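Undergrad: Got coords12.cif for you, mmCIF, C-alpha atoms:
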```
data_query
#
loop_
_atom_site.group_PDB
_atom_site.id
_atom_site.type_symbol
_atom_site.label_atom_id
_atom_site.label_comp_id
_atom_site.auth_asym_id
_atom_site.auth_seq_id
_atom_site.Cartn_x
_atom_site.Cartn_y
_atom_site.Cartn_z
ATOM 1 C CA MET A 1 0.000 0.000 0.000
ATOM 2 C CA GLY A 2 1.334 3.411 -0.959
ATOM 3 C CA PHE A 3 1.789 6.514 1.165
ATOM 4 C CA PHE A 4 -1.179 8.515 -0.133
ATOM 5 C CA LYS A 5 -3.514 5.510 -0.235
ATOM 6 C CA SER A 6 -2.647 4.805 3.410
ATOM 7 C CA ILE A 7 -3.529 8.341 4.431
ATOM 8 C CA ASN A 8 -6.745 8.210 2.430
ATOM 9 C CA ASN A 9 -7.708 4.854 4.005
ATOM 10 C CA ALA A 10 -7.093 6.171 7.503
ATOM 11 C CA PHE A 11 -9.520 9.047 6.973
ATOM 12 C CA VAL A 12 -12.091 7.038 5.005
ATOM 13 C CA LYS A 13 -12.127 4.273 7.635
ATOM 14 C CA CYS A 14 -11.826 6.566 10.650
ATOM 15 C CA PHE A 15 -14.928 5.044 12.277
ATOM 16 C CA ASP A 16 -14.158 1.459 11.251
ATOM 17 C CA PHE A 17 -13.147 -0.517 14.328
ATOM 18 C CA LYS A 18 -13.914 -3.982 12.935
ATOM 19 C CA THR A 19 -11.586 -4.634 10.007
ATOM 20 C CA ARG A 20 -7.816 -4.925 9.631
ATOM 21 C CA ALA A 21 -4.965 -2.565 8.662
ATOM 22 C CA ASN A 22 -1.569 -3.730 7.448
ATOM 23 C CA ARG A 23 1.800 -2.460 8.646
ATOM 24 C CA ALA A 24 2.329 -0.116 5.708
ATOM 25 C CA GLU A 25 -1.029 1.583 6.243
ATOM 26 C CA PHE A 26 -0.290 2.115 9.927
ATOM 27 C CA TRP A 27 3.297 3.319 9.639
ATOM 28 C CA TYR A 28 2.686 5.610 6.643
ATOM 29 C CA PHE A 29 -0.145 7.311 8.504
ATOM 30 C CA TYR A 30 2.018 7.534 11.635
ATOM 31 C CA LEU A 31 4.771 9.194 9.577
ATOM 32 C CA PHE A 32 2.227 11.575 8.044
ATOM 33 C CA THR A 33 0.737 12.629 11.400
ATOM 34 C CA THR A 34 4.200 13.128 12.903
ATOM 35 C CA ALA A 35 5.313 15.320 9.990
ATOM 36 C CA VAL A 36 2.094 17.357 9.938
ATOM 37 C CA GLY A 37 2.251 17.790 13.734
ATOM 38 C CA PHE A 38 5.816 19.060 13.442
ATOM 39 C CA VAL A 39 4.767 21.539 10.751
ATOM 40 C CA GLY A 40 1.883 22.665 12.976
ATOM 41 C CA LEU A 41 4.285 23.289 15.863
ATOM 42 C CA GLN A 42 6.599 25.250 13.584
ATOM 43 C CA LEU A 43 3.704 27.404 12.351
ATOM 44 C CA ASP A 44 2.689 28.117 15.942
ATOM 45 C CA ILE A 45 6.249 29.156 16.743
ATOM 46 C CA PHE A 46 6.575 31.250 13.568
ATOM 47 C CA PHE A 47 3.364 33.156 14.231
ATOM 48 C CA GLN A 48 4.120 33.236 17.976
ATOM 49 C CA LEU A 49 0.823 31.661 18.862
ATOM 50 C CA GLU A 50 0.754 30.126 22.319
ATOM 51 C CA LEU A 51 -2.140 28.699 24.256
ATOM 52 C CA VAL A 52 -0.302 26.425 26.640
ATOM 53 C CA GLY A 53 3.326 26.811 27.650
ATOM 54 C CA ILE A 54 4.864 23.952 29.605
ATOM 55 C CA GLU A 55 8.061 24.768 31.468
ATOM 56 C CA LEU A 56 10.629 21.994 31.487
ATOM 57 C CA ALA A 57 12.106 21.086 34.884
ATOM 58 C CA ASN A 58 15.509 22.652 35.638
ATOM 59 C CA SER A 59 15.564 24.459 32.314
ATOM 60 C CA THR A 60 14.844 27.819 30.800
ATOM 61 C CA ASP A 61 13.251 26.128 27.781
ATOM 62 C CA SER A 62 9.565 25.488 27.400
ATOM 63 C CA ILE A 63 7.338 23.467 25.114
ATOM 64 C CA MET A 64 4.728 25.537 23.324
ATOM 65 C CA LEU A 65 1.415 24.113 22.212
ATOM 66 C CA GLY A 66 -0.416 26.531 19.986
ATOM 67 C CA PRO A 67 -3.820 26.489 18.304
ATOM 68 C CA MET A 68 -2.546 24.909 15.069
ATOM 69 C CA TYR A 69 -0.979 21.936 16.865
ATOM 70 C CA ILE A 70 -4.031 21.438 19.096
ATOM 71 C CA PHE A 71 -6.350 21.581 16.054
ATOM 72 C CA LEU A 72 -4.235 18.966 14.234
ATOM 73 C CA TYR A 73 -4.123 16.781 17.345
ATOM 74 C CA PHE A 74 -7.909 16.664 17.532
ATOM 75 C CA LEU A 75 -8.178 16.198 13.767
ATOM 76 C CA PHE A 76 -6.002 13.068 13.881
ATOM 77 C CA ILE A 77 -7.079 11.499 17.189
ATOM 78 C CA VAL A 78 -10.084 9.460 15.942
ATOM 79 C CA PRO A 79 -8.458 8.174 12.717
ATOM 80 C CA SER A 80 -5.316 7.269 14.675
ATOM 81 C CA PHE A 81 -7.249 5.437 17.376
ATOM 82 C CA ALA A 82 -9.234 3.488 14.768
ATOM 83 C CA LEU A 83 -6.009 2.653 12.934
ATOM 84 C CA TYR A 84 -4.410 1.352 16.151
ATOM 85 C CA VAL A 85 -7.414 -0.914 16.724
ATOM 86 C CA ARG A 86 -7.440 -2.149 13.117
ATOM 87 C CA ARG A 87 -3.671 -2.768 13.271
ATOM 88 C CA LEU A 88 -4.137 -4.860 16.408
ATOM 89 C CA HIS A 89 -6.848 -6.797 14.569
ATOM 90 C CA ASP A 90 -4.343 -7.553 11.806
ATOM 91 C CA VAL A 91 -2.086 -9.352 14.320
ATOM 92 C CA ASN A 92 -5.177 -11.154 15.692
ATOM 93 C CA ARG A 93 -5.434 -9.113 18.911
ATOM 94 C CA SER A 94 -8.469 -7.347 20.285
ATOM 95 C CA GLY A 95 -8.586 -3.558 20.320
ATOM 96 C CA TRP A 96 -8.780 -3.773 24.109
ATOM 97 C CA TRP A 97 -5.031 -4.442 24.038
ATOM 98 C CA LEU A 98 -4.619 -0.662 23.669
ATOM 99 C CA LEU A 99 -5.365 -0.368 27.371
ATOM 100 C CA ILE A 100 -1.955 -1.881 28.067
ATOM 101 C CA VAL A 101 -0.442 1.551 27.413
ATOM 102 C CA LEU A 102 -1.729 2.472 30.867
ATOM 103 C CA VAL A 103 1.024 0.273 32.300
ATOM 104 C CA PRO A 104 4.099 2.505 32.460
ATOM 105 C CA PHE A 105 6.968 1.638 30.104
ATOM 106 C CA ILE A 106 5.925 -1.992 29.490
ATOM 107 C CA GLY A 107 2.660 -0.940 27.828
ATOM 108 C CA ILE A 108 4.269 1.315 25.236
ATOM 109 C CA ILE A 109 6.930 -1.278 24.411
ATOM 110 C CA THR A 110 4.226 -3.945 23.978
ATOM 111 C CA ILE A 111 2.121 -1.799 21.639
ATOM 112 C CA ILE A 112 5.161 -0.877 19.540
ATOM 113 C CA PHE A 113 6.009 -4.591 19.331
ATOM 114 C CA PHE A 114 2.472 -5.414 18.132
ATOM 115 C CA MET A 115 2.560 -2.604 15.569
ATOM 116 C CA CYS A 116 5.815 -4.022 14.122
ATOM 117 C CA LEU A 117 4.578 -7.611 13.833
ATOM 118 C CA LYS A 118 3.628 -9.016 10.469
ATOM 119 C CA GLY A 119 -0.130 -9.455 10.101
ATOM 120 C CA THR A 120 -1.842 -12.823 10.148
ATOM 121 C CA GLU A 121 -1.820 -14.521 6.741
ATOM 122 C CA GLY A 122 -5.287 -15.129 5.311
ATOM 123 C CA SER A 123 -8.315 -14.660 7.502
ATOM 124 C CA ASN A 124 -8.299 -14.408 11.278
ATOM 125 C CA ASP A 125 -10.905 -13.607 13.962
ATOM 126 C CA PHE A 126 -11.313 -10.111 12.507
ATOM 127 C CA GLY A 127 -11.800 -10.898 8.824
ATOM 128 C CA GLU A 128 -9.786 -11.115 5.642
ATOM 129 C CA VAL A 129 -6.545 -9.315 4.841
ATOM 130 C CA SER A 130 -7.176 -5.655 3.999
ATOM 131 C CA SER A 131 -6.413 -4.430 0.502
#
```
With the file now loaded, output its structure as structure tokens.

TA:
Amino acid sequence: MGFFKSINNAFVKCFDFKTRANRAEFWYFYLFTTAVGFVGLQLDIFFQLELVGIELANSTDSIMLGPMYIFLYFLFIVPSFALYVRRLHDVNRSGWWLLIVLVPFIGIITIIFFMCLKGTEGSNDFGEVSS
């Protein structure tokens, strides 16, 4: 699956929590959201827009979250969540496995591991391989 088709699928299937998503679809959309989020942060800095400033401990630096970044965050949250669930379905895991991220450190490592696994060949509990 190509880069632009992956992005299109993520938005078209943003309320689809029942099917499967392959590795390429997940990681291309992840790359896209990371790049667009970075651009949003840079635009907020360029236009000096600041809604929330978070001071870093023992530092004079701060992290600035402006309106552009917050808008993009909320724009991508539902498609990203649905894509995480569909990616877990591709490795034959329930979407409830996302709750493991609540376990510090181990949860994030586990989810990253699942996202890197190759999907189940043929059909599994969640349907056929996505196209």

Undergrad: If the PyMOL selection byres ((chain A and resi 32) around 12) were run on this exact file, what residues would it hold? Put them as a list in words.

TA: Phe3, Phe4, Lys5, Ser6, Ile7, Asn8, Ala10, Ala24, Glu25, Phe26, Trp27, Tyr28, Phe29, Tyr30, Leu31, Thr33, Thr34, Ala35, Val36, Gly37, Phe38, Val39, Leu72, Phe76 and Ser80 of chain A

Undergrad: Which is closest to Arg87 (chain A) among A:Leu117, A:Leu65, A:Val101, A:Ile106, if we use all atoms listed in the file?

TA: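 The closest residue to Arg87 (chain A) is A:Leu117.
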
Undergrad: Name the residues that the PyMOL selection byres ((chain A and resi 92) around 8) pulls out of this structure, and write them as a list in words.

TA: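 Those residues are Leu88, His89, Asp90, Val91, Arg93, Ser94, Gly119, Thr120, Asn124, Asp125 and Phe126 of chain A.
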
Undergrad: Point out the residue among A:Phe47, A:Tyr73, A:Phe81, A:Phe11 with the least atom-to-atom distance to Trp96 (chain A), counting only C-alpha atoms.

TA: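 Looking at the shortest contact to Trp96 (chain A), the residue is A:Phe81.
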
Undergrad: What gap, in Å, lies between CA of Ile109 (chain A) and CA of Leu75 (chain A)?

TA: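 CA of Leu75 (chain A) lies 25.4 Å from CA of Ile109 (chain A).
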
Undergrad: Could you tell me how far CA of Asn22 (chain A) lies from CA of Gly2 (chain A), in Å and to one decimal?

TA: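 CA of Gly2 (chain A) lies at a distance of 11.4 Å from CA of Asn22 (chain A).
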
Undergrad: Between CA of Phe17 (chain A) and CA of Phe105 (chain A), measure the distance and give it in Å to one decimal.

TA: 25.7 Å
